[in-house]
>>> print(open('entry29.csv').read())   # CSV, C-alpha atoms and all ligand atoms
chain,number,residue,atom,x,y,z
A,50,MET,CA,-11.1,-174.2,80.4
A,51,LEU,CA,-10.7,-170.8,78.6
A,52,ALA,CA,-10.4,-172.5,75.2
A,53,GLY,CA,-13.9,-173.9,75.7
A,54,LEU,CA,-15.3,-170.5,76.6
A,55,ASN,CA,-13.9,-169.0,73.4
A,56,ALA,CA,-15.3,-171.6,71.1
A,57,PRO,CA,-18.4,-170.8,69.0
A,58,ARG,CA,-20.5,-173.1,71.2
A,59,LYS,CA,-19.2,-172.4,74.7
A,60,ALA,CA,-18.6,-175.6,76.7
A,61,VAL,CA,-16.3,-176.7,79.5
A,62,SER,CA,-15.4,-180.2,80.7
A,63,SER,CA,-17.7,-181.3,83.5
A,64,LYS,CA,-14.6,-182.3,85.6
A,65,TRP,CA,-14.4,-178.5,86.5
A,66,LEU,CA,-17.6,-179.0,88.6
A,67,TYR,CA,-15.9,-181.2,91.0
A,68,ASP,CA,-13.7,-179.1,93.3
A,69,ASP,CA,-14.2,-179.4,97.1
A,70,VAL,CA,-17.3,-177.2,97.1
A,71,GLY,CA,-18.7,-179.0,94.0
A,72,SER,CA,-18.0,-182.5,95.5
A,73,HIS,CA,-19.9,-181.5,98.7
A,74,LEU,CA,-22.8,-180.1,96.6
A,75,PHE,CA,-22.9,-183.2,94.6
A,76,GLU,CA,-23.1,-185.3,97.8
A,77,ALA,CA,-26.1,-183.1,98.8
A,78,ILE,CA,-27.7,-183.8,95.4
A,79,THR,CA,-27.5,-187.6,96.1
A,80,GLU,CA,-29.7,-187.1,99.1
A,81,LEU,CA,-32.5,-185.3,97.2
A,82,ASP,CA,-35.8,-187.0,96.5
A,83,ALA,CA,-35.7,-185.8,92.9
A,84,TYR,CA,-32.3,-187.3,92.3
A,85,TYR,CA,-33.3,-191.0,91.9
A,86,PRO,CA,-29.9,-192.6,90.7
A,87,THR,CA,-28.1,-192.8,94.1
A,88,ARG,CA,-30.8,-194.6,96.1
A,89,THR,CA,-31.8,-196.7,93.1
A,90,GLU,CA,-28.2,-197.9,92.6
A,91,LEU,CA,-27.8,-198.5,96.3
A,92,GLY,CA,-30.9,-200.7,96.3
A,93,ILE,CA,-29.5,-202.7,93.4
A,94,LEU,CA,-26.2,-203.2,95.1
A,95,LYS,CA,-27.9,-204.4,98.3
A,96,GLU,CA,-30.0,-206.9,96.4
A,97,ASN,CA,-26.9,-208.3,94.6
A,98,VAL,CA,-24.2,-208.1,97.2
A,99,ARG,CA,-24.1,-211.9,97.6
A,100,ASN,CA,-23.1,-212.2,93.9
A,101,TYR,CA,-20.4,-209.5,94.3
A,102,ARG,CA,-18.9,-211.4,97.2
A,103,ARG,CA,-18.2,-214.3,94.8
A,104,LEU,CA,-15.9,-212.1,92.6
A,105,PRO,CA,-12.2,-212.9,93.3
A,106,GLY,CA,-11.5,-209.1,93.7
A,107,SER,CA,-13.7,-209.1,96.8
A,108,ARG,CA,-10.8,-211.0,98.5
A,109,GLY,CA,-8.1,-208.8,96.9
A,110,ALA,CA,-8.1,-205.1,96.1
A,111,MET,CA,-11.0,-202.8,95.4
A,112,VAL,CA,-10.3,-199.8,93.2
A,113,GLU,CA,-13.0,-197.1,93.3
A,114,LEU,CA,-13.2,-194.5,90.6
A,115,GLY,CA,-14.6,-191.2,91.8
A,116,SER,CA,-14.8,-191.8,95.6
A,117,GLY,CA,-18.5,-190.7,95.6
A,118,SER,CA,-21.1,-191.8,98.0
A,119,SER,CA,-19.7,-193.4,101.2
A,120,ARG,CA,-22.9,-195.4,101.6
A,121,LYS,CA,-22.2,-197.4,98.5
A,122,THR,CA,-18.6,-197.9,99.4
A,123,ASN,CA,-19.5,-199.0,102.9
A,124,LEU,CA,-22.0,-201.5,101.6
A,125,LEU,CA,-19.3,-203.3,99.6
A,126,LEU,CA,-16.5,-202.9,102.2
A,127,SER,CA,-18.7,-204.4,104.9
A,128,ALA,CA,-19.7,-207.2,102.6
A,129,PHE,CA,-16.1,-208.0,101.8
A,130,PRO,CA,-14.4,-209.0,105.1
A,131,ASP,CA,-11.4,-210.6,103.2
A,132,LEU,CA,-10.6,-207.5,101.2
A,133,SER,CA,-7.1,-206.3,101.8
A,134,VAL,CA,-6.7,-203.1,99.8
A,135,TYR,CA,-9.0,-200.2,99.1
A,136,MET,CA,-7.8,-197.7,96.5
A,137,PRO,CA,-10.1,-194.7,95.9
A,138,ILE,CA,-9.1,-192.6,92.9
A,139,ASP,CA,-10.6,-189.1,92.7
A,140,ILE,CA,-9.8,-185.7,91.2
A,141,SER,CA,-10.7,-183.7,94.3
A,142,GLU,CA,-7.8,-184.2,96.7
A,143,ASN,CA,-9.4,-183.1,99.9
A,144,HIS,CA,-12.6,-185.0,99.3
A,145,LEU,CA,-10.4,-188.0,98.6
A,146,LYS,CA,-8.5,-187.6,101.9
A,147,ASP,CA,-11.7,-187.3,103.9
A,148,ALA,CA,-13.1,-190.4,102.3
A,149,ALA,CA,-9.9,-192.3,102.9
A,150,GLU,CA,-9.8,-191.2,106.5
A,151,ARG,CA,-13.4,-192.3,107.1
A,152,VAL,CA,-12.6,-195.8,105.6
A,153,ARG,CA,-9.4,-196.2,107.7
A,154,ARG,CA,-11.3,-195.5,110.9
A,155,ALA,CA,-14.2,-197.9,110.0
A,156,TYR,CA,-12.0,-200.7,108.6
A,157,PRO,CA,-8.6,-200.6,110.5
A,158,SER,CA,-7.3,-203.8,109.0
A,159,LEU,CA,-7.7,-202.6,105.4
A,160,ALA,CA,-4.8,-201.0,103.6
A,161,VAL,CA,-6.3,-197.7,102.2
A,162,ILE,CA,-4.3,-196.2,99.4
A,163,PRO,CA,-5.9,-193.0,98.1
A,164,VAL,CA,-4.8,-191.8,94.6
A,165,ALA,CA,-5.4,-188.2,93.6
A,166,ALA,CA,-5.7,-188.5,89.8
A,167,ASP,CA,-7.9,-187.5,86.9
A,168,PHE,CA,-9.0,-190.9,85.8
A,169,THR,CA,-10.1,-189.5,82.4
A,170,GLN,CA,-6.4,-189.5,81.6
A,171,PRO,CA,-4.5,-192.8,81.2
A,172,LEU,CA,-3.9,-194.1,84.7
A,173,GLY,CA,-0.3,-195.2,84.2
A,174,GLU,CA,1.2,-197.4,86.9
A,175,LEU,CA,-1.1,-197.8,89.9
A,176,PRO,CA,0.7,-198.6,93.2
A,177,LEU,CA,-0.9,-202.0,93.4
A,178,LEU,CA,0.2,-205.3,94.9
A,179,PRO,CA,0.4,-207.3,91.7
A,180,GLU,CA,-0.6,-210.7,93.0
A,181,LEU,CA,-4.0,-209.5,94.2
A,182,PRO,CA,-7.2,-209.9,92.1
A,183,VAL,CA,-8.8,-206.5,91.5
A,184,LEU,CA,-12.4,-205.4,91.6
A,185,VAL,CA,-13.0,-202.0,90.0
A,186,PHE,CA,-16.0,-200.2,91.5
A,187,PHE,CA,-17.3,-197.4,89.2
A,188,PRO,CA,-20.6,-196.3,90.6
A,189,GLY,CA,-23.0,-193.4,90.1
A,190,SER,CA,-23.3,-193.5,86.3
A,191,THR,CA,-20.2,-191.3,86.1
A,192,ILE,CA,-19.5,-193.2,82.9
A,193,GLY,CA,-22.5,-191.2,81.5
A,194,ASN,CA,-20.4,-188.0,81.7
A,195,PHE,CA,-18.5,-189.2,78.6
A,196,GLU,CA,-19.4,-189.3,75.0
A,197,LYS,CA,-19.7,-192.9,73.7
A,198,SER,CA,-16.2,-193.0,72.2
A,199,ALA,CA,-14.6,-191.4,75.2
A,200,ALA,CA,-16.5,-193.8,77.5
A,201,ALA,CA,-15.1,-196.7,75.5
A,202,GLU,CA,-11.6,-195.2,75.7
A,203,LEU,CA,-11.9,-194.7,79.4
A,204,LEU,CA,-12.9,-198.4,79.9
A,205,ARG,CA,-10.0,-199.4,77.7
A,206,ASN,CA,-7.6,-197.3,79.8
A,207,ILE,CA,-8.8,-199.0,82.9
A,208,ARG,CA,-8.3,-202.4,81.4
A,209,THR,CA,-4.8,-201.5,80.4
A,210,ALA,CA,-3.9,-200.1,83.8
A,211,ILE,CA,-5.5,-203.1,85.7
A,212,PRO,CA,-5.2,-206.2,83.5
A,213,GLY,CA,-7.6,-209.0,84.3
A,214,ALA,CA,-9.8,-207.0,86.6
A,215,THR,CA,-13.5,-207.4,87.2
A,216,MET,CA,-15.6,-204.2,87.2
A,217,ILE,CA,-18.9,-203.3,88.9
A,218,VAL,CA,-20.2,-200.2,87.0
A,219,GLY,CA,-23.5,-198.3,87.5
A,220,VAL,CA,-25.3,-197.0,84.5
A,221,ASP,CA,-28.4,-194.8,84.4
A,222,ARG,CA,-31.0,-195.6,81.7
A,223,PRO,CA,-33.1,-193.5,79.4
A,224,LYS,CA,-36.6,-192.7,80.8
A,225,ASN,CA,-39.4,-190.3,81.0
A,226,ARG,CA,-38.3,-186.7,80.2
A,227,GLU,CA,-40.0,-185.1,83.2
A,228,VAL,CA,-38.4,-187.5,85.7
A,229,LEU,CA,-35.0,-186.8,84.1
A,230,VAL,CA,-35.3,-183.0,84.1
A,231,GLU,CA,-36.5,-182.9,87.7
A,232,ALA,CA,-33.5,-185.0,88.8
A,233,TYR,CA,-31.2,-182.4,87.2
A,234,ASP,CA,-33.2,-179.3,88.1
A,235,ASP,CA,-34.4,-180.0,91.6
A,236,PRO,CA,-36.9,-177.8,93.4
A,237,ALA,CA,-34.5,-177.0,96.2
A,238,GLY,CA,-32.0,-175.5,93.8
A,239,ILE,CA,-29.0,-177.7,94.9
A,240,THR,CA,-28.2,-178.7,91.4
A,241,ALA,CA,-28.4,-175.1,90.3
A,242,ALA,CA,-25.9,-174.2,93.0
A,243,PHE,CA,-23.7,-177.1,91.9
A,244,ASN,CA,-23.7,-175.8,88.3
A,245,GLN,CA,-23.1,-172.2,89.4
A,246,ASN,CA,-20.2,-173.2,91.5
A,247,LEU,CA,-18.3,-173.4,88.2
A,248,LEU,CA,-18.8,-169.6,87.8
A,249,GLN,CA,-17.6,-169.1,91.4
A,250,ARG,CA,-14.5,-171.2,90.6
A,251,ILE,CA,-13.7,-169.1,87.6
A,252,ASN,CA,-14.1,-165.9,89.8
A,253,ARG,CA,-12.0,-167.4,92.6
A,254,GLU,CA,-9.3,-169.3,90.7
A,255,LEU,CA,-9.0,-167.5,87.4
A,256,ASP,CA,-9.7,-163.9,88.5
A,257,GLY,CA,-13.1,-163.7,86.9
A,258,ASP,CA,-15.7,-161.0,87.3
A,259,ILE,CA,-18.9,-163.0,86.6
A,260,ASP,CA,-22.1,-161.8,88.2
A,261,LEU,CA,-23.8,-165.1,89.2
A,262,THR,CA,-27.3,-163.6,89.1
A,263,LEU,CA,-26.8,-163.1,85.3
A,264,PHE,CA,-26.5,-166.8,84.6
A,265,ALA,CA,-29.3,-169.3,85.1
A,266,HIS,CA,-29.0,-173.1,85.6
A,267,LYS,CA,-30.7,-175.1,82.9
A,268,ALA,CA,-31.2,-178.9,82.5
A,269,VAL,CA,-32.2,-180.1,79.1
A,270,TRP,CA,-33.1,-183.6,77.9
A,271,ASN,CA,-31.4,-184.2,74.5
A,272,GLU,CA,-33.4,-187.1,73.2
A,273,GLU,CA,-31.3,-187.6,70.1
A,274,GLU,CA,-28.1,-188.0,72.1
A,275,SER,CA,-29.9,-189.7,75.0
A,276,ARG,CA,-28.5,-187.3,77.5
A,277,ILE,CA,-29.3,-184.7,80.1
A,278,GLU,CA,-27.3,-181.5,79.4
A,279,MET,CA,-26.6,-178.9,82.1
A,280,HIS,CA,-26.1,-175.4,80.9
A,281,LEU,CA,-25.5,-171.9,82.4
A,282,GLU,CA,-27.7,-169.5,80.4
A,283,SER,CA,-26.8,-165.8,80.1
A,284,LEU,CA,-29.8,-163.8,81.0
A,285,ARG,CA,-28.8,-160.9,79.0
A,286,GLU,CA,-26.2,-159.7,76.5
A,287,GLN,CA,-23.0,-159.2,78.5
A,288,THR,CA,-19.3,-159.3,78.5
A,289,ILE,CA,-17.4,-161.1,81.3
A,290,SER,CA,-13.7,-160.9,82.0
A,291,ILE,CA,-11.5,-163.8,83.1
A,292,GLY,CA,-8.0,-162.9,84.1
A,293,GLY,CA,-8.2,-159.8,81.9
A,294,GLU,CA,-9.6,-161.7,78.9
A,295,LYS,CA,-13.0,-160.6,77.7
A,296,ILE,CA,-15.7,-163.0,76.6
A,297,ALA,CA,-19.0,-161.8,75.1
A,298,PHE,CA,-22.4,-163.5,75.5
A,299,GLU,CA,-25.6,-163.0,73.6
A,300,LYS,CA,-28.8,-163.1,75.7
A,301,GLY,CA,-29.8,-166.8,75.9
A,302,GLU,CA,-26.4,-168.1,74.9
A,303,THR,CA,-25.2,-170.9,77.2
A,304,ILE,CA,-22.1,-172.5,78.6
A,305,HIS,CA,-22.6,-176.3,78.3
A,306,THR,CA,-21.2,-177.6,81.6
A,307,GLU,CA,-22.1,-181.3,81.8
A,308,ASN,CA,-23.5,-184.3,79.9
A,309,SER,CA,-25.2,-187.2,81.6
A,310,HIS,CA,-25.7,-189.9,79.1
A,311,LYS,CA,-28.4,-192.5,79.7
A,312,TYR,CA,-27.5,-195.8,78.2
A,313,SER,CA,-29.7,-198.7,77.2
A,314,GLU,CA,-28.5,-202.2,77.6
A,315,GLU,CA,-27.6,-202.4,73.9
A,316,ALA,CA,-25.8,-199.1,73.9
A,317,PHE,CA,-23.8,-199.9,77.1
A,318,THR,CA,-22.9,-203.4,76.1
A,319,GLU,CA,-21.5,-202.1,72.8
A,320,ILE,CA,-19.4,-199.5,74.7
A,321,ALA,CA,-18.1,-202.1,77.1
A,322,GLY,CA,-17.2,-204.3,74.2
A,323,GLN,CA,-15.3,-201.5,72.4
A,324,GLY,CA,-13.4,-200.9,75.7
A,325,GLY,CA,-12.4,-204.6,75.8
A,326,TRP,CA,-14.9,-205.8,78.5
A,327,ARG,CA,-17.5,-208.4,78.4
A,328,VAL,CA,-20.7,-208.4,80.4
A,329,LEU,CA,-20.7,-211.1,83.0
A,330,ASP,CA,-23.9,-210.1,84.7
A,331,GLN,CA,-26.3,-207.2,85.1
A,332,ALA,CA,-29.0,-206.2,87.6
A,333,SER,CA,-31.6,-203.5,87.5
A,334,ASP,CA,-34.3,-202.1,89.9
A,335,LYS,CA,-37.9,-203.2,89.4
A,336,GLU,CA,-38.7,-200.1,87.4
A,337,ASP,CA,-35.7,-200.4,85.1
A,338,LYS,CA,-34.4,-197.0,86.1
A,339,PHE,CA,-30.8,-198.0,86.5
A,340,THR,CA,-28.5,-200.9,85.8
A,341,VAL,CA,-25.4,-202.2,87.6
A,342,TYR,CA,-23.2,-204.3,85.2
A,343,THR,CA,-20.5,-206.7,86.2
A,344,LEU,CA,-17.8,-206.7,83.5
A,345,GLN,CA,-14.8,-208.9,83.0
A,346,ALA,CA,-11.6,-207.6,81.2
A,401,LIG,C1,-21.7,-187.6,89.2
A,401,LIG,C2,-21.9,-187.5,86.8
A,401,LIG,C3,-23.0,-189.2,88.0
A,401,LIG,O1,-24.6,-187.2,85.9
A,401,LIG,O2,-26.0,-187.8,87.5
A,401,LIG,C4,-25.8,-184.8,89.2
A,401,LIG,C5,-23.6,-185.5,88.2
A,401,LIG,N1,-24.9,-183.5,87.8
A,401,LIG,N2,-26.6,-183.8,89.0
A,401,LIG,C6,-24.9,-187.3,87.1
A,401,LIG,C7,-24.8,-184.7,88.4
A,401,LIG,C8,-26.0,-182.9,88.2
A,401,LIG,C9,-23.8,-187.0,88.2
A,401,LIG,N3,-22.6,-187.8,88.0
>>> encode(input="entry29.csv", output="C-alpha cells")
Amino acid sequence: MLAGLNAPRKAVSSKWLYDDVGSHLFEAITELDAYYPTRTELGILKENVRNYRRLPGSRGAMVELGSGSSRKTNLLLSAFPDLSVYMPIDISENHLKDAAERVRRAYPSLAVIPVAADFTQPLGELPLLPELPVLVFFPGSTIGNFEKSAAAELLRNIRTAIPGATMIVGVDRPKNREVLVEAYDDPAGITAAFNQNLLQRINRELDGDIDLTLFAHKAVWNEEESRIEMHLESLREQTISIGGEKIAFEKGETIHTENSHKYSEEAFTEIAGQGGWRVLDQASDKEDKFTVYTLQA
C-alpha cells in the first residue's frame, strides 16, 4: 500500500477498502436508493433463476467470489435444492465467517466451506470434491474493479482453478453520467464513509496520523476508460506520516482508491473470451442498466 502512496500519481488497490468495517459499509451501500446495481442485479437473477436451475453446477458445488449480498446468495441457494456444496471465497475473514454461519443455519444439509483468500491472486488448489459440477457465482460487478487485462487474467485464473465450470457473473453497464456519479457519491454519505475508512485503516493498522477532515471523497466518471473512479482529495497542502514515513500532498492532489469499470456487451464478451470463457447466455433489466452473463469455461 505504501508504494502506491509514494508513486507520482497516488493510488492504492481497492482491495484495501474491504476490511470488516469496509465490508459492512459496502453492505449499507447496497441498500441505498442511489446505488442501483444491487437491486437491479437481484431483479435479473429472480427473472432468470429457472434458467440457472438447469445448469449442472446447481446440483453440485457453488463457488461464490466475494461473499457479498446475502440476498443474492439466498435467492440461488433456495432455488437449488440439490446443491451439495457452497464455497464462499472472500478476503475479509470475519465477514466470510458470518456469511458462512448464516448459510449453515438456513441450509443445514449443505456443506459450507468458506475459503479466506484474495481471489485476485491465483487460487491454487481449492478444497473441492472433484466429481461435482461447479457453478461459479461472481455477482455485484466486482469484475469491474479490474482493468481489462487484469479482468481477463482473473477469469483465466478461475478457469484454471476450476476446470469445466459454468459461471454466473454480474456486470454493470455504461450509462448516464449523473446516475453513475450519484451511485458512487450518495446523498447520505455512506460511500464517502466507505472510502474514508481506507484512511482510518492506515491510521489504525499502519500507525498513520491522517486527519480525516482534510481529505474529501470524490467520485468521477472517466468516460474514456468507461469507469467510475473513487478518490480521496487533499483539501490543502499537507504532509501525513505513516509509520514514521512522511508523504506530502499538494492541495487538490488525490489518492485513487477504486475503479468501477462499466462494460458494454462487446467489451465484456471480449474480456471473457480472453479469459477462456464463452458466453452461453445473458440477461439484462428492462432499462439495460446491468447484465448477468452465463459463461462456460
Ligand atoms: C463491490 C466493486 C462492485 O464498484 O460498485 C460501491 C464497490 N464502491 N460503491 C462497485 C463500490 C463504491 C462496488 N463493487
>>> atom_distance(input="entry29.csv", atom1="atom CA of Ala165 of chain A", atom2="atom CA of Ile138 of chain A")
5.8 Å
>>> residues_near_ligand(input="entry29.csv", ligand="ligand LIG 401 (chain A)", cutoff="8 Å", atoms="all atoms listed in the file", output="PyMOL selection string")
chain A and resi 75+78-79+84+86+117+188-194+232-233+240+243-244+277+279+307-310
>>> residues_around(input="entry29.csv", residues="Asp68 of chain A", least_positions_apart="3", cutoff="8 Å", atoms="all atoms listed in the file", output="list of chain:residue names")
A:Trp65, A:Gly71, A:Ser72, A:Ile140, A:Ser141
>>> residues_near_point(input="entry29.csv", point="(-31.1, -200.1, 93.1)", cutoff="9 Å", atoms="only C-alpha atoms", output="PyMOL selection string")
chain A and resi 86-96+332-335+338-341
>>> residues_around(input="entry29.csv", residues="His280 of chain A", least_positions_apart="5", cutoff="7 Å", atoms="only C-alpha atoms", output="PyMOL selection string")
chain A and resi 266-268+303-306
>>> atom_distance(input="entry29.csv", atom1="atom CA of Asn225 of chain A", atom2="atom CA of Trp270 of chain A")
9.7 Å
>>> atom_distance(input="entry29.csv", atom1="atom CA of Pro176 of chain A", atom2="atom CA of Ile162 of chain A")
8.3 Å
>>> closest_residue(input="entry29.csv", among="A:Arg103, A:Lys121, A:Lys64, A:Arg222", to="Ala316 of chain A", atoms="only C-alpha atoms")
A:Arg222
>>> residues_around(input="entry29.csv", residues="segment 125-136 of chain A", least_positions_apart="2", cutoff="9 Å", atoms="only C-alpha atoms", output="count of residues only")
33
>>> residues_around(input="entry29.csv", residues="segment 261-264 of chain A", least_positions_apart="4", cutoff="7 Å", atoms="all atoms listed in the file", output="CSV table (one decimal) with C-alpha atoms, keeping the file's coordinate frame")
chain,number,residue,atom,x,y,z
A,248,LEU,CA,-18.8,-169.6,87.8
A,281,LEU,CA,-25.5,-171.9,82.4
A,282,GLU,CA,-27.7,-169.5,80.4
A,283,SER,CA,-26.8,-165.8,80.1
A,284,LEU,CA,-29.8,-163.8,81.0
A,285,ARG,CA,-28.8,-160.9,79.0
>>> closest_residue(input="entry29.csv", among="A:Lys311, A:Arg327, A:Lys197, A:Arg253", to="Met216 of chain A", atoms="all atoms listed in the file")
A:Arg327
>>> closest_residue(input="entry29.csv", among="A:Gln170, A:Gln245, A:Thr209, A:Asn252", to="Gly293 of chain A", atoms="all atoms listed in the file")
A:Asn252
>>> residues_around(input="entry29.csv", residues="Ala214 of chain A", least_positions_apart="6", cutoff="10 Å", atoms="all atoms listed in the file", output="MDAnalysis selection string")
chainID A and resid 104:106 110:112 181:185 207:208 326 344:346
>>> write_last_selection(input="entry29.csv", atoms="C-alpha atoms", output="PDB file, keeping the file's coordinate frame")
ATOM      1  CA  LEU A 104     -15.900-212.100  92.600  1.00  0.00           C
ATOM      2  CA  PRO A 105     -12.200-212.900  93.300  1.00  0.00           C
ATOM      3  CA  GLY A 106     -11.500-209.100  93.700  1.00  0.00           C
ATOM      4  CA  ALA A 110      -8.100-205.100  96.100  1.00  0.00           C
ATOM      5  CA  MET A 111     -11.000-202.800  95.400  1.00  0.00           C
ATOM      6  CA  VAL A 112     -10.300-199.800  93.200  1.00  0.00           C
ATOM      7  CA  LEU A 181      -4.000-209.500  94.200  1.00  0.00           C
ATOM      8  CA  PRO A 182      -7.200-209.900  92.100  1.00  0.00           C
ATOM      9  CA  VAL A 183      -8.800-206.500  91.500  1.00  0.00           C
ATOM     10  CA  LEU A 184     -12.400-205.400  91.600  1.00  0.00           C
ATOM     11  CA  VAL A 185     -13.000-202.000  90.000  1.00  0.00           C
ATOM     12  CA  ILE A 207      -8.800-199.000  82.900  1.00  0.00           C
ATOM     13  CA  ARG A 208      -8.300-202.400  81.400  1.00  0.00           C
ATOM     14  CA  TRP A 326     -14.900-205.800  78.500  1.00  0.00           C
ATOM     15  CA  LEU A 344     -17.800-206.700  83.500  1.00  0.00           C
ATOM     16  CA  GLN A 345     -14.800-208.900  83.000  1.00  0.00           C
ATOM     17  CA  ALA A 346     -11.600-207.600  81.200  1.00  0.00           C
TER      18      ALA A 346
END
>>> closest_residue(input="entry29.csv", among="A:Asp330, A:Asp337, A:Asp69, A:Glu294", to="Ile217 of chain A", atoms="all atoms listed in the file")
A:Asp330
>>> residues_near_point(input="entry29.csv", point="(-13.6, -169.9, 86.9)", cutoff="12 Å", atoms="all atoms listed in the file", output="PyMOL selection string")
chain A and resi 50-51+53-54+61+65-66+68+244-261+289-292
>>> write_last_selection(input="entry29.csv", atoms="C-alpha atoms", output="CSV table (one decimal), in the coordinates of the input")
chain,number,residue,atom,x,y,z
A,50,MET,CA,-11.1,-174.2,80.4
A,51,LEU,CA,-10.7,-170.8,78.6
A,53,GLY,CA,-13.9,-173.9,75.7
A,54,LEU,CA,-15.3,-170.5,76.6
A,61,VAL,CA,-16.3,-176.7,79.5
A,65,TRP,CA,-14.4,-178.5,86.5
A,66,LEU,CA,-17.6,-179.0,88.6
A,68,ASP,CA,-13.7,-179.1,93.3
A,244,ASN,CA,-23.7,-175.8,88.3
A,245,GLN,CA,-23.1,-172.2,89.4
A,246,ASN,CA,-20.2,-173.2,91.5
A,247,LEU,CA,-18.3,-173.4,88.2
A,248,LEU,CA,-18.8,-169.6,87.8
A,249,GLN,CA,-17.6,-169.1,91.4
A,250,ARG,CA,-14.5,-171.2,90.6
A,251,ILE,CA,-13.7,-169.1,87.6
A,252,ASN,CA,-14.1,-165.9,89.8
A,253,ARG,CA,-12.0,-167.4,92.6
A,254,GLU,CA,-9.3,-169.3,90.7
A,255,LEU,CA,-9.0,-167.5,87.4
A,256,ASP,CA,-9.7,-163.9,88.5
A,257,GLY,CA,-13.1,-163.7,86.9
A,258,ASP,CA,-15.7,-161.0,87.3
A,259,ILE,CA,-18.9,-163.0,86.6
A,260,ASP,CA,-22.1,-161.8,88.2
A,261,LEU,CA,-23.8,-165.1,89.2
A,289,ILE,CA,-17.4,-161.1,81.3
A,290,SER,CA,-13.7,-160.9,82.0
A,291,ILE,CA,-11.5,-163.8,83.1
A,292,GLY,CA,-8.0,-162.9,84.1
>>> closest_residue(input="entry29.csv", among="A:Thr343, A:Glu286, A:Val220, A:Val328", to="Ser313 of chain A", atoms="only C-alpha atoms")
A:Val220
>>> closest_residue(input="entry29.csv", among="A:Ser62, A:Asn55, A:Thr169, A:Ser198", to="Ala297 of chain A", atoms="all atoms listed in the file")
A:Asn55
